[in-house]
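Undergrad: Below is the structure I would like to discuss, written out as structure tokens.
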Amino acid sequence: MNCIDLHIHTTASDGTDPPRAAVEKAASLGLAAVSITDHDSVSGVPEAMRAGAELGVEVVPGIEVSSDYRDNNVHILGYFIDPAAPELRPVLDWVKTERDERNEKIAAMFERDGFDISLAQLREEYPDSVLGRPHFCEHLMRKGYISSVKEGFEKFLGEGKPYYLPKRRISIAKAVETIVAAGGVPVLAHPMQYHYPEPELIELIETAKALGIRALEAYYSEFSAEQTAWLLHAAEKYGMGVSGGSDYHGTRKTHISMGTGCGNLAIPYSGLEELRKLRRKTSPV
Ligand code: AMP
Ligand code: FE
Ligand code: FE
Ligand code: ZN
């Protein structure tokens with residue numbers, strides 16, 4: 001069977017494979033198509049598409065936008081997006097500025113408390129990446145303050161911990177509008193990962209549908225067969241499509257393999273054909 005993986009992170013955000021290496025990996029696994037869906041960034045897309053053309057892997061340009069829904073961080077995937085679309089720039093620049101300011105404040109808090117950590121050094125360590133808490137954790141690990149990223153989140157950077165700072169996010173409506181304006185198909189990422197009780201999950205899906213989100217990510221590394229079945233049923237009920245991907249992050253999430261997830265995934269190429277049909281139905285707002 002021709003399989004695909006429509007949820008992959010690279011060094012353009014918090015994955016560990018550079019875009020080209022991610023596509024090489026997809027080729028070696030025999031995947032027919034992948035989508036590069038970095039957090040709030042399309043900077044890895046051009047390199048990935050060039051590699052895909054060379055290696056015979058279809059690379060769908062994508063993004064995963066962090067958005068605010070009822071004070072929760074809800075992720076919206078955008079497929080077939082034009083990475084050069086002018087509508088994308090101001091939004092991604094705003095997100096980047098927010099992140100840069102937050103990183104500066106986090107670094108200052110560590111420095112104030114006498115930690116030997118340097119944002120300039122962090123930027124050198126990850127020149128192409130959108131820096132975030134995982135990078136801080138790895139930096140702290142290299143400096144010997146902690147022995148795992150998990151420990152870094154538990155002691156320092158997890159929500160409610162002393163070096164945690166919230167991040168302002170764009171609204172879910174703005175995320176959808178931006179993806180559509182850039183020619184993309186908006187999809188609700190990993191709907192079960194927000195841990196809503198069923199009635200609230202249904203409200204999220206109904207809101208997503210009303211805002212123009214076209215599909216639900218029903219196939220996902222961390223979903224049980226029951227969760228996938230529930231989402232397939234919901235998609236049908238609400239007249240939405242389905243998509244699927246592993247959320248591969250390279251060695252930053254060692255339990256997730258490209259293509260097969262935690263061993264549970266085998267997404268057929270027809271899934272991409274369905275998304276392509278939804279694209280034709282999308283009109284810019
Ligand atoms: P940030 O965008 O800087 O807020 O960092 C978010 C990233 O941190 C996401 O990619 C998560 O996968 C990762 N993350 C959040 N909480 C944890 C945790 N407790 N352990 C490991 N990674 C985490
Ligand atoms: Fe991530
Ligand atoms: Fe996500
Ligand atoms: Zn992701």
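Residue numbers start at 1 in each chain; chains themselves are named A, B, ... in the order of the structure tokens; ligands are numbered from 1 in the order shown.
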Neighbours of Leu31 in chain A within 8 Å (only C-alpha atoms; same-chain residues fewer than 2 positions away dropped), as a PDB file with C-alpha atoms, in the first residue's frame?
TA:
ATOM      1  CA  ASN A   2       1.168   3.548  -0.769  1.00  0.00           C
ATOM      2  CA  CYS A   3       1.333   5.260   2.607  1.00  0.00           C
ATOM      3  CA  ILE A   4       1.573   8.901   3.613  1.00  0.00           C
ATOM      4  CA  ASP A   5       2.395  10.980   6.703  1.00  0.00           C
ATOM      5  CA  ALA A  26      10.349   9.433   3.978  1.00  0.00           C
ATOM      6  CA  ALA A  27      11.902   8.181   0.730  1.00  0.00           C
ATOM      7  CA  SER A  28      13.823   5.447   2.518  1.00  0.00           C
ATOM      8  CA  LEU A  29      10.612   4.361   4.250  1.00  0.00           C
ATOM      9  CA  ALA A  33       3.674  11.622   0.260  1.00  0.00           C
ATOM     10  CA  VAL A  34       4.456  13.666   3.334  1.00  0.00           C
ATOM     11  CA  VAL A  57       8.297  11.843  -2.669  1.00  0.00           C
ATOM     12  CA  GLY A 259       4.888   6.961   8.807  1.00  0.00           C
TER      13      GLY A 259
END
Undergrad: Report as a PDB file with N, CA, C and O atoms, in the first residue's frame: the residues of range 126-244 of chain A with a DSSP assignment of helix (DSSP H, G or I), based on the backbone of this structure.
TA:
ATOM      1  N   ARG A 133      10.500  26.132  24.538  1.00  0.00           N
ATOM      2  CA  ARG A 133      10.890  25.512  25.800  1.00  0.00           C
ATOM      3  C   ARG A 133      11.724  24.240  25.627  1.00  0.00           C
ATOM      4  O   ARG A 133      12.649  24.003  26.409  1.00  0.00           O
ATOM      5  N   PRO A 134      11.429  23.392  24.609  1.00  0.00           N
ATOM      6  CA  PRO A 134      12.268  22.190  24.467  1.00  0.00           C
ATOM      7  C   PRO A 134      13.739  22.540  24.252  1.00  0.00           C
ATOM      8  O   PRO A 134      14.626  21.853  24.755  1.00  0.00           O
ATOM      9  N   HIS A 135      13.992  23.616  23.504  1.00  0.00           N
ATOM     10  CA  HIS A 135      15.377  24.020  23.255  1.00  0.00           C
ATOM     11  C   HIS A 135      16.038  24.510  24.552  1.00  0.00           C
ATOM     12  O   HIS A 135      17.199  24.218  24.805  1.00  0.00           O
ATOM     13  N   PHE A 136      15.281  25.253  25.354  1.00  0.00           N
ATOM     14  CA  PHE A 136      15.805  25.684  26.657  1.00  0.00           C
ATOM     15  C   PHE A 136      16.183  24.462  27.493  1.00  0.00           C
ATOM     16  O   PHE A 136      17.232  24.425  28.133  1.00  0.00           O
ATOM     17  N   CYS A 137      15.305  23.468  27.492  1.00  0.00           N
ATOM     18  CA  CYS A 137      15.559  22.257  28.299  1.00  0.00           C
ATOM     19  C   CYS A 137      16.849  21.570  27.836  1.00  0.00           C
ATOM     20  O   CYS A 137      17.676  21.157  28.663  1.00  0.00           O
ATOM     21  N   GLU A 138      17.016  21.459  26.529  1.00  0.00           N
ATOM     22  CA  GLU A 138      18.217  20.781  26.022  1.00  0.00           C
ATOM     23  C   GLU A 138      19.481  21.570  26.366  1.00  0.00           C
ATOM     24  O   GLU A 138      20.521  20.989  26.673  1.00  0.00           O
ATOM     25  N   HIS A 139      19.373  22.873  26.320  1.00  0.00           N
ATOM     26  CA  HIS A 139      20.486  23.752  26.685  1.00  0.00           C
ATOM     27  C   HIS A 139      20.847  23.535  28.162  1.00  0.00           C
ATOM     28  O   HIS A 139      22.018  23.362  28.510  1.00  0.00           O
ATOM     29  N   LEU A 140      19.824  23.511  29.007  1.00  0.00           N
ATOM     30  CA  LEU A 140      20.049  23.281  30.453  1.00  0.00           C
ATOM     31  C   LEU A 140      20.666  21.908  30.701  1.00  0.00           C
ATOM     32  O   LEU A 140      21.478  21.729  31.610  1.00  0.00           O
ATOM     33  N   MET A 141      20.266  20.959  29.857  1.00  0.00           N
ATOM     34  CA  MET A 141      20.788  19.600  29.984  1.00  0.00           C
ATOM     35  C   MET A 141      22.278  19.569  29.641  1.00  0.00           C
ATOM     36  O   MET A 141      23.080  18.975  30.354  1.00  0.00           O
ATOM     37  N   ARG A 142      22.611  20.238  28.519  1.00  0.00           N
ATOM     38  CA  ARG A 142      24.019  20.279  28.108  1.00  0.00           C
ATOM     39  C   ARG A 142      24.888  20.962  29.160  1.00  0.00           C
ATOM     40  O   ARG A 142      26.055  20.654  29.310  1.00  0.00           O
ATOM     41  N   VAL A 149      14.959  16.239  29.279  1.00  0.00           N
ATOM     42  CA  VAL A 149      14.035  17.313  28.908  1.00  0.00           C
ATOM     43  C   VAL A 149      12.803  17.254  29.818  1.00  0.00           C
ATOM     44  O   VAL A 149      12.287  18.282  30.273  1.00  0.00           O
ATOM     45  N   LYS A 150      12.402  16.042  30.112  1.00  0.00           N
ATOM     46  CA  LYS A 150      11.239  15.829  30.989  1.00  0.00           C
ATOM     47  C   LYS A 150      11.475  16.532  32.335  1.00  0.00           C
ATOM     48  O   LYS A 150      10.602  17.243  32.842  1.00  0.00           O
ATOM     49  N   GLU A 151      12.674  16.335  32.880  1.00  0.00           N
ATOM     50  CA  GLU A 151      13.023  16.968  34.153  1.00  0.00           C
ATOM     51  C   GLU A 151      12.981  18.499  34.020  1.00  0.00           C
ATOM     52  O   GLU A 151      12.530  19.199  34.926  1.00  0.00           O
ATOM     53  N   GLY A 152      13.418  18.994  32.857  1.00  0.00           N
ATOM     54  CA  GLY A 152      13.393  20.440  32.622  1.00  0.00           C
ATOM     55  C   GLY A 152      11.984  20.996  32.688  1.00  0.00           C
ATOM     56  O   GLY A 152      11.749  22.073  33.262  1.00  0.00           O
ATOM     57  N   PHE A 153      11.037  20.270  32.096  1.00  0.00           N
ATOM     58  CA  PHE A 153       9.639  20.721  32.141  1.00  0.00           C
ATOM     59  C   PHE A 153       9.101  20.605  33.562  1.00  0.00           C
ATOM     60  O   PHE A 153       8.406  21.498  34.049  1.00  0.00           O
ATOM     61  N   GLU A 154       9.463  19.520  34.246  1.00  0.00           N
ATOM     62  CA  GLU A 154       8.924  19.299  35.594  1.00  0.00           C
ATOM     63  C   GLU A 154       9.479  20.300  36.600  1.00  0.00           C
ATOM     64  O   GLU A 154       8.768  20.753  37.495  1.00  0.00           O
ATOM     65  N   LYS A 155      10.738  20.680  36.447  1.00  0.00           N
ATOM     66  CA  LYS A 155      11.358  21.559  37.443  1.00  0.00           C
ATOM     67  C   LYS A 155      11.235  23.033  37.078  1.00  0.00           C
ATOM     68  O   LYS A 155      11.087  23.884  37.942  1.00  0.00           O
ATOM     69  N   PHE A 156      11.364  23.315  35.788  1.00  0.00           N
ATOM     70  CA  PHE A 156      11.566  24.709  35.397  1.00  0.00           C
ATOM     71  C   PHE A 156      10.509  25.307  34.464  1.00  0.00           C
ATOM     72  O   PHE A 156      10.033  26.405  34.681  1.00  0.00           O
ATOM     73  N   LEU A 157      10.186  24.581  33.394  1.00  0.00           N
ATOM     74  CA  LEU A 157       9.507  25.254  32.277  1.00  0.00           C
ATOM     75  C   LEU A 157       8.087  24.791  31.988  1.00  0.00           C
ATOM     76  O   LEU A 157       7.405  25.368  31.141  1.00  0.00           O
ATOM     77  N   ILE A 172      -8.396  31.280  17.123  1.00  0.00           N
ATOM     78  CA  ILE A 172      -8.626  30.160  16.200  1.00  0.00           C
ATOM     79  C   ILE A 172      -9.226  30.687  14.885  1.00  0.00           C
ATOM     80  O   ILE A 172      -8.851  30.219  13.794  1.00  0.00           O
ATOM     81  N   ALA A 173     -10.083  31.699  14.978  1.00  0.00           N
ATOM     82  CA  ALA A 173     -10.692  32.259  13.756  1.00  0.00           C
ATOM     83  C   ALA A 173      -9.620  32.870  12.856  1.00  0.00           C
ATOM     84  O   ALA A 173      -9.619  32.683  11.636  1.00  0.00           O
ATOM     85  N   LYS A 174      -8.683  33.586  13.479  1.00  0.00           N
ATOM     86  CA  LYS A 174      -7.605  34.222  12.713  1.00  0.00           C
ATOM     87  C   LYS A 174      -6.698  33.155  12.077  1.00  0.00           C
ATOM     88  O   LYS A 174      -6.229  33.333  10.943  1.00  0.00           O
ATOM     89  N   ALA A 175      -6.468  32.072  12.802  1.00  0.00           N
ATOM     90  CA  ALA A 175      -5.625  31.002  12.255  1.00  0.00           C
ATOM     91  C   ALA A 175      -6.266  30.416  10.996  1.00  0.00           C
ATOM     92  O   ALA A 175      -5.598  30.243   9.969  1.00  0.00           O
ATOM     93  N   VAL A 176      -7.553  30.153  11.072  1.00  0.00           N
ATOM     94  CA  VAL A 176      -8.261  29.580   9.917  1.00  0.00           C
ATOM     95  C   VAL A 176      -8.239  30.568   8.753  1.00  0.00           C
ATOM     96  O   VAL A 176      -7.920  30.205   7.610  1.00  0.00           O
ATOM     97  N   GLU A 177      -8.546  31.805   9.067  1.00  0.00           N
ATOM     98  CA  GLU A 177      -8.599  32.846   8.027  1.00  0.00           C
ATOM     99  C   GLU A 177      -7.234  32.968   7.321  1.00  0.00           C
ATOM    100  O   GLU A 177      -7.174  33.088   6.084  1.00  0.00           O
ATOM    101  N   THR A 178      -6.166  32.919   8.090  1.00  0.00           N
ATOM    102  CA  THR A 178      -4.824  33.072   7.519  1.00  0.00           C
ATOM    103  C   THR A 178      -4.479  31.883   6.614  1.00  0.00           C
ATOM    104  O   THR A 178      -3.947  32.062   5.513  1.00  0.00           O
ATOM    105  N   ILE A 179      -4.788  30.690   7.077  1.00  0.00           N
ATOM    106  CA  ILE A 179      -4.501  29.488   6.272  1.00  0.00           C
ATOM    107  C   ILE A 179      -5.277  29.539   4.956  1.00  0.00           C
ATOM    108  O   ILE A 179      -4.724  29.294   3.880  1.00  0.00           O
ATOM    109  N   VAL A 180      -6.548  29.897   5.050  1.00  0.00           N
ATOM    110  CA  VAL A 180      -7.377  29.946   3.833  1.00  0.00           C
ATOM    111  C   VAL A 180      -6.864  31.031   2.884  1.00  0.00           C
ATOM    112  O   VAL A 180      -6.751  30.812   1.675  1.00  0.00           O
ATOM    113  N   ALA A 181      -6.504  32.187   3.453  1.00  0.00           N
ATOM    114  CA  ALA A 181      -5.996  33.286   2.618  1.00  0.00           C
ATOM    115  C   ALA A 181      -4.711  32.887   1.897  1.00  0.00           C
ATOM    116  O   ALA A 181      -4.417  33.386   0.817  1.00  0.00           O
ATOM    117  N   PRO A 191      -7.450  16.242  17.665  1.00  0.00           N
ATOM    118  CA  PRO A 191      -8.544  16.753  18.515  1.00  0.00           C
ATOM    119  C   PRO A 191      -8.590  16.163  19.925  1.00  0.00           C
ATOM    120  O   PRO A 191      -9.114  16.809  20.840  1.00  0.00           O
ATOM    121  N   MET A 192      -8.049  14.964  20.126  1.00  0.00           N
ATOM    122  CA  MET A 192      -8.107  14.359  21.465  1.00  0.00           C
ATOM    123  C   MET A 192      -7.030  14.898  22.395  1.00  0.00           C
ATOM    124  O   MET A 192      -7.098  14.681  23.603  1.00  0.00           O
ATOM    125  N   GLN A 193      -6.040  15.583  21.857  1.00  0.00           N
ATOM    126  CA  GLN A 193      -4.912  16.022  22.687  1.00  0.00           C
ATOM    127  C   GLN A 193      -5.257  17.220  23.575  1.00  0.00           C
ATOM    128  O   GLN A 193      -4.428  17.662  24.365  1.00  0.00           O
ATOM    129  N   TYR A 194      -6.448  17.763  23.418  1.00  0.00           N
ATOM    130  CA  TYR A 194      -6.833  18.893  24.280  1.00  0.00           C
ATOM    131  C   TYR A 194      -7.530  18.397  25.541  1.00  0.00           C
ATOM    132  O   TYR A 194      -7.867  19.178  26.424  1.00  0.00           O
ATOM    133  N   GLU A 198     -16.242  14.791  26.407  1.00  0.00           N
ATOM    134  CA  GLU A 198     -16.925  14.655  25.110  1.00  0.00           C
ATOM    135  C   GLU A 198     -17.810  15.849  24.719  1.00  0.00           C
ATOM    136  O   GLU A 198     -17.708  16.316  23.580  1.00  0.00           O
ATOM    137  N   PRO A 199     -18.650  16.367  25.623  1.00  0.00           N
ATOM    138  CA  PRO A 199     -19.511  17.489  25.184  1.00  0.00           C
ATOM    139  C   PRO A 199     -18.697  18.696  24.723  1.00  0.00           C
ATOM    140  O   PRO A 199     -19.067  19.367  23.753  1.00  0.00           O
ATOM    141  N   GLU A 200     -17.587  18.956  25.397  1.00  0.00           N
ATOM    142  CA  GLU A 200     -16.758  20.103  25.004  1.00  0.00           C
ATOM    143  C   GLU A 200     -15.960  19.835  23.732  1.00  0.00           C
ATOM    144  O   GLU A 200     -15.707  20.740  22.944  1.00  0.00           O
ATOM    145  N   LEU A 201     -15.609  18.574  23.546  1.00  0.00           N
ATOM    146  CA  LEU A 201     -14.938  18.206  22.294  1.00  0.00           C
ATOM    147  C   LEU A 201     -15.891  18.423  21.118  1.00  0.00           C
ATOM    148  O   LEU A 201     -15.505  18.946  20.065  1.00  0.00           O
ATOM    149  N   ILE A 202     -17.146  18.055  21.341  1.00  0.00           N
ATOM    150  CA  ILE A 202     -18.153  18.268  20.286  1.00  0.00           C
ATOM    151  C   ILE A 202     -18.311  19.762  20.009  1.00  0.00           C
ATOM    152  O   ILE A 202     -18.388  20.188  18.850  1.00  0.00           O
ATOM    153  N   GLU A 203     -18.303  20.580  21.064  1.00  0.00           N
ATOM    154  CA  GLU A 203     -18.383  22.037  20.849  1.00  0.00           C
ATOM    155  C   GLU A 203     -17.191  22.548  20.050  1.00  0.00           C
ATOM    156  O   GLU A 203     -17.343  23.404  19.175  1.00  0.00           O
ATOM    157  N   LEU A 204     -16.012  22.029  20.359  1.00  0.00           N
ATOM    158  CA  LEU A 204     -14.821  22.436  19.607  1.00  0.00           C
ATOM    159  C   LEU A 204     -14.988  22.073  18.129  1.00  0.00           C
ATOM    160  O   LEU A 204     -14.708  22.887  17.241  1.00  0.00           O
ATOM    161  N   ILE A 205     -15.439  20.862  17.867  1.00  0.00           N
ATOM    162  CA  ILE A 205     -15.602  20.416  16.474  1.00  0.00           C
ATOM    163  C   ILE A 205     -16.669  21.256  15.763  1.00  0.00           C
ATOM    164  O   ILE A 205     -16.485  21.670  14.612  1.00  0.00           O
ATOM    165  N   GLU A 206     -17.763  21.564  16.481  1.00  0.00           N
ATOM    166  CA  GLU A 206     -18.810  22.388  15.864  1.00  0.00           C
ATOM    167  C   GLU A 206     -18.287  23.807  15.580  1.00  0.00           C
ATOM    168  O   GLU A 206     -18.574  24.390  14.537  1.00  0.00           O
ATOM    169  N   THR A 207     -17.502  24.336  16.505  1.00  0.00           N
ATOM    170  CA  THR A 207     -16.904  25.664  16.289  1.00  0.00           C
ATOM    171  C   THR A 207     -15.953  25.614  15.100  1.00  0.00           C
ATOM    172  O   THR A 207     -15.970  26.495  14.229  1.00  0.00           O
ATOM    173  N   ALA A 208     -15.132  24.559  15.057  1.00  0.00           N
ATOM    174  CA  ALA A 208     -14.171  24.400  13.959  1.00  0.00           C
ATOM    175  C   ALA A 208     -14.902  24.376  12.622  1.00  0.00           C
ATOM    176  O   ALA A 208     -14.530  25.080  11.679  1.00  0.00           O
ATOM    177  N   LYS A 209     -15.948  23.594  12.573  1.00  0.00           N
ATOM    178  CA  LYS A 209     -16.738  23.469  11.343  1.00  0.00           C
ATOM    179  C   LYS A 209     -17.292  24.842  10.933  1.00  0.00           C
ATOM    180  O   LYS A 209     -17.193  25.262   9.776  1.00  0.00           O
ATOM    181  N   ALA A 210     -17.859  25.546  11.915  1.00  0.00           N
ATOM    182  CA  ALA A 210     -18.469  26.851  11.629  1.00  0.00           C
ATOM    183  C   ALA A 210     -17.428  27.864  11.151  1.00  0.00           C
ATOM    184  O   ALA A 210     -17.732  28.755  10.359  1.00  0.00           O
ATOM    185  N   LEU A 211     -16.199  27.718  11.622  1.00  0.00           N
ATOM    186  CA  LEU A 211     -15.142  28.665  11.224  1.00  0.00           C
ATOM    187  C   LEU A 211     -14.547  28.336   9.861  1.00  0.00           C
ATOM    188  O   LEU A 211     -13.747  29.095   9.329  1.00  0.00           O
ATOM    189  N   ALA A 225      -7.496   3.043  18.823  1.00  0.00           N
ATOM    190  CA  ALA A 225      -8.421   2.694  17.738  1.00  0.00           C
ATOM    191  C   ALA A 225      -9.806   3.271  18.020  1.00  0.00           C
ATOM    192  O   ALA A 225     -10.502   3.736  17.106  1.00  0.00           O
ATOM    193  N   GLU A 226     -10.189   3.308  19.287  1.00  0.00           N
ATOM    194  CA  GLU A 226     -11.511   3.843  19.664  1.00  0.00           C
ATOM    195  C   GLU A 226     -11.576   5.345  19.390  1.00  0.00           C
ATOM    196  O   GLU A 226     -12.585   5.858  18.921  1.00  0.00           O
ATOM    197  N   GLN A 227     -10.496   6.051  19.712  1.00  0.00           N
ATOM    198  CA  GLN A 227     -10.483   7.503  19.478  1.00  0.00           C
ATOM    199  C   GLN A 227     -10.554   7.810  17.987  1.00  0.00           C
ATOM    200  O   GLN A 227     -11.284   8.697  17.563  1.00  0.00           O
ATOM    201  N   THR A 228      -9.792   7.052  17.196  1.00  0.00           N
ATOM    202  CA  THR A 228      -9.846   7.245  15.741  1.00  0.00           C
ATOM    203  C   THR A 228     -11.255   6.970  15.229  1.00  0.00           C
ATOM    204  O   THR A 228     -11.804   7.749  14.435  1.00  0.00           O
ATOM    205  N   ALA A 229     -11.855   5.900  15.715  1.00  0.00           N
ATOM    206  CA  ALA A 229     -13.215   5.546  15.268  1.00  0.00           C
ATOM    207  C   ALA A 229     -14.195   6.661  15.633  1.00  0.00           C
ATOM    208  O   ALA A 229     -15.061   7.040  14.833  1.00  0.00           O
ATOM    209  N   TRP A 230     -14.040   7.209  16.821  1.00  0.00           N
ATOM    210  CA  TRP A 230     -14.936   8.297  17.271  1.00  0.00           C
ATOM    211  C   TRP A 230     -14.793   9.495  16.328  1.00  0.00           C
ATOM    212  O   TRP A 230     -15.774  10.111  15.910  1.00  0.00           O
ATOM    213  N   LEU A 231     -13.558   9.830  15.968  1.00  0.00           N
ATOM    214  CA  LEU A 231     -13.318  10.988  15.104  1.00  0.00           C
ATOM    215  C   LEU A 231     -13.799  10.750  13.678  1.00  0.00           C
ATOM    216  O   LEU A 231     -14.304  11.665  13.023  1.00  0.00           O
ATOM    217  N   LEU A 232     -13.639   9.516  13.192  1.00  0.00           N
ATOM    218  CA  LEU A 232     -14.141   9.209  11.840  1.00  0.00           C
ATOM    219  C   LEU A 232     -15.651   9.392  11.804  1.00  0.00           C
ATOM    220  O   LEU A 232     -16.217   9.958  10.863  1.00  0.00           O
ATOM    221  N   HIS A 233     -16.293   8.948  12.864  1.00  0.00           N
ATOM    222  CA  HIS A 233     -17.745   9.077  12.959  1.00  0.00           C
ATOM    223  C   HIS A 233     -18.140  10.556  13.034  1.00  0.00           C
ATOM    224  O   HIS A 233     -19.062  11.004  12.347  1.00  0.00           O
ATOM    225  N   ALA A 234     -17.408  11.318  13.861  1.00  0.00           N
ATOM    226  CA  ALA A 234     -17.709  12.753  14.005  1.00  0.00           C
ATOM    227  C   ALA A 234     -17.519  13.473  12.667  1.00  0.00           C
ATOM    228  O   ALA A 234     -18.333  14.314  12.281  1.00  0.00           O
ATOM    229  N   ALA A 235     -16.442  13.132  11.956  1.00  0.00           N
ATOM    230  CA  ALA A 235     -16.183  13.783  10.668  1.00  0.00           C
ATOM    231  C   ALA A 235     -17.343  13.533   9.717  1.00  0.00           C
ATOM    232  O   ALA A 235     -17.815  14.444   9.026  1.00  0.00           O
ATOM    233  N   GLU A 236     -17.822  12.300   9.718  1.00  0.00           N
ATOM    234  CA  GLU A 236     -18.932  11.978   8.826  1.00  0.00           C
ATOM    235  C   GLU A 236     -20.180  12.760   9.239  1.00  0.00           C
ATOM    236  O   GLU A 236     -20.857  13.360   8.412  1.00  0.00           O
ATOM    237  N   LYS A 237     -20.435  12.780  10.536  1.00  0.00           N
ATOM    238  CA  LYS A 237     -21.618  13.461  11.055  1.00  0.00           C
ATOM    239  C   LYS A 237     -21.608  14.945  10.693  1.00  0.00           C
ATOM    240  O   LYS A 237     -22.639  15.516  10.361  1.00  0.00           O
TER     241      LYS A 237
END
Undergrad: To check your reading of the model: which residues sit at most 8 Å from ligand 2 when counting only C-alpha atoms and all ligand atoms? Write the answer as a PDB file with N, CA and C atoms, in the first residue's frame.
TA:
ATOM      1  N   HIS A   9       7.450  17.407  11.751  1.00  0.00           N
ATOM      2  CA  HIS A   9       8.205  18.592  12.177  1.00  0.00           C
ATOM      3  C   HIS A   9       9.671  18.459  11.794  1.00  0.00           C
ATOM      4  N   SER A  13      11.053  24.055  13.125  1.00  0.00           N
ATOM      5  CA  SER A  13      10.407  24.326  14.425  1.00  0.00           C
ATOM      6  C   SER A  13      11.081  23.456  15.472  1.00  0.00           C
ATOM      7  N   ASP A  14      10.403  22.455  16.013  1.00  0.00           N
ATOM      8  CA  ASP A  14      11.016  21.695  17.098  1.00  0.00           C
ATOM      9  C   ASP A  14      11.265  20.235  16.740  1.00  0.00           C
ATOM     10  N   GLY A  15      11.407  19.955  15.449  1.00  0.00           N
ATOM     11  CA  GLY A  15      11.869  18.627  15.043  1.00  0.00           C
ATOM     12  C   GLY A  15      13.387  18.616  15.024  1.00  0.00           C
ATOM     13  N   ASP A  38       5.524  22.444  10.241  1.00  0.00           N
ATOM     14  CA  ASP A  38       6.225  23.006  11.387  1.00  0.00           C
ATOM     15  C   ASP A  38       5.331  23.989  12.141  1.00  0.00           C
ATOM     16  N   HIS A  39       5.608  24.115  13.449  1.00  0.00           N
ATOM     17  CA  HIS A  39       4.855  25.051  14.291  1.00  0.00           C
ATOM     18  C   HIS A  39       5.108  26.484  13.807  1.00  0.00           C
ATOM     19  N   ASP A 247       3.029  13.188  13.630  1.00  0.00           N
ATOM     20  CA  ASP A 247       3.586  14.231  14.501  1.00  0.00           C
ATOM     21  C   ASP A 247       5.039  13.891  14.837  1.00  0.00           C
ATOM     22  N   HIS A 249       8.829  14.152  15.336  1.00  0.00           N
ATOM     23  CA  HIS A 249       9.719  15.242  15.761  1.00  0.00           C
ATOM     24  C   HIS A 249      11.175  14.778  15.772  1.00  0.00           C
TER      25      HIS A 249
END
Undergrad: Enumerate, in order of chain and increasing residue number, the residues of chain A with an atom no farther than 12 Å from ligand 4, each with its shortest atom pair and distance in Å to one decimal, counting only C-alpha atoms and all ligand atoms, as CSV.
TA:
residue,atom,partner,partner_atom_place_in_ligand_line,distance
A:Asp5,CA,ligand 4,1 (Zn),11.7
A:Leu6,CA,ligand 4,1 (Zn),9.8
A:His7,CA,ligand 4,1 (Zn),6.2
A:Ile8,CA,ligand 4,1 (Zn),6.6
A:His9,CA,ligand 4,1 (Zn),6.3
A:Thr10,CA,ligand 4,1 (Zn),10.0
A:Ser13,CA,ligand 4,1 (Zn),9.5
A:Asp14,CA,ligand 4,1 (Zn),8.9
A:Gly15,CA,ligand 4,1 (Zn),9.1
A:Ser35,CA,ligand 4,1 (Zn),11.0
A:Ile36,CA,ligand 4,1 (Zn),9.5
A:Thr37,CA,ligand 4,1 (Zn),6.7
A:Asp38,CA,ligand 4,1 (Zn),6.8
A:His39,CA,ligand 4,1 (Zn),6.7
A:Asp40,CA,ligand 4,1 (Zn),10.2
A:Ser41,CA,ligand 4,1 (Zn),11.6
A:Gly62,CA,ligand 4,1 (Zn),10.9
A:Ile63,CA,ligand 4,1 (Zn),8.9
A:Glu64,CA,ligand 4,1 (Zn),6.4
A:Val65,CA,ligand 4,1 (Zn),9.2
A:Ser66,CA,ligand 4,1 (Zn),9.7
A:Val74,CA,ligand 4,1 (Zn),11.0
A:His75,CA,ligand 4,1 (Zn),7.9
A:Ile76,CA,ligand 4,1 (Zn),9.4
A:Leu77,CA,ligand 4,1 (Zn),8.4
A:Gly78,CA,ligand 4,1 (Zn),11.5
A:Leu188,CA,ligand 4,1 (Zn),11.3
A:Ala189,CA,ligand 4,1 (Zn),7.8
A:His190,CA,ligand 4,1 (Zn),8.5
A:Pro191,CA,ligand 4,1 (Zn),11.9
A:Gln193,CA,ligand 4,1 (Zn),10.9
A:Glu217,CA,ligand 4,1 (Zn),11.0
A:Tyr220,CA,ligand 4,1 (Zn),10.1
A:Ser221,CA,ligand 4,1 (Zn),10.7
A:Glu222,CA,ligand 4,1 (Zn),11.7
A:Gly244,CA,ligand 4,1 (Zn),11.2
A:Gly245,CA,ligand 4,1 (Zn),8.9
A:Ser246,CA,ligand 4,1 (Zn),8.2
A:Asp247,CA,ligand 4,1 (Zn),4.7
A:Tyr248,CA,ligand 4,1 (Zn),7.3
A:His249,CA,ligand 4,1 (Zn),7.8
A:Gly250,CA,ligand 4,1 (Zn),11.6
A:Arg252,CA,ligand 4,1 (Zn),11.9
A:Lys253,CA,ligand 4,1 (Zn),10.9
A:Ile256,CA,ligand 4,1 (Zn),11.3
Undergrad: Which one of A:Leu131, A:Leu265, A:Val60, A:Ala182 sits closest to Lys96 in chain A if you count only C-alpha atoms?
TA: A:Leu131
Undergrad: Which of these residues is nearest to Ala107 in chain A, using only C-alpha atoms: A:Phe80, A:Tyr69, A:Trp94, A:Tyr164?
TA: A:Tyr164
Undergrad: Would you kindly return, as an NGL selection string, each protein, DNA or RNA residue with an atom no farther than 6 Å from any atom of Asp68 in chain A, considering only C-alpha atoms and excluding same-chain residues fewer than 5 positions away?
TA: :A and (73 or 169-172)
Undergrad: Next, the residues of the selection above should be written as a PDB file, in the first residue's frame with C-alpha atoms.
TA:
ATOM      1  CA  ASN A  73      -3.678  26.111  22.739  1.00  0.00           C
ATOM      2  CA  ARG A 169      -1.657  33.363  20.568  1.00  0.00           C
ATOM      3  CA  ILE A 170      -3.780  34.349  17.610  1.00  0.00           C
ATOM      4  CA  SER A 171      -7.453  33.375  17.794  1.00  0.00           C
ATOM      5  CA  ILE A 172      -8.626  30.160  16.200  1.00  0.00           C
TER       6      ILE A 172
END
Undergrad: Go through A:Asn103, A:Thr97, A:Ser67, A:Asn72 and flag the residue nearest ligand 1, using only C-alpha atoms and all ligand atoms for the distances.
TA: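 Once distances to ligand 1 are computed over only C-alpha atoms and all ligand atoms, the minimum belongs to A:Asn103.
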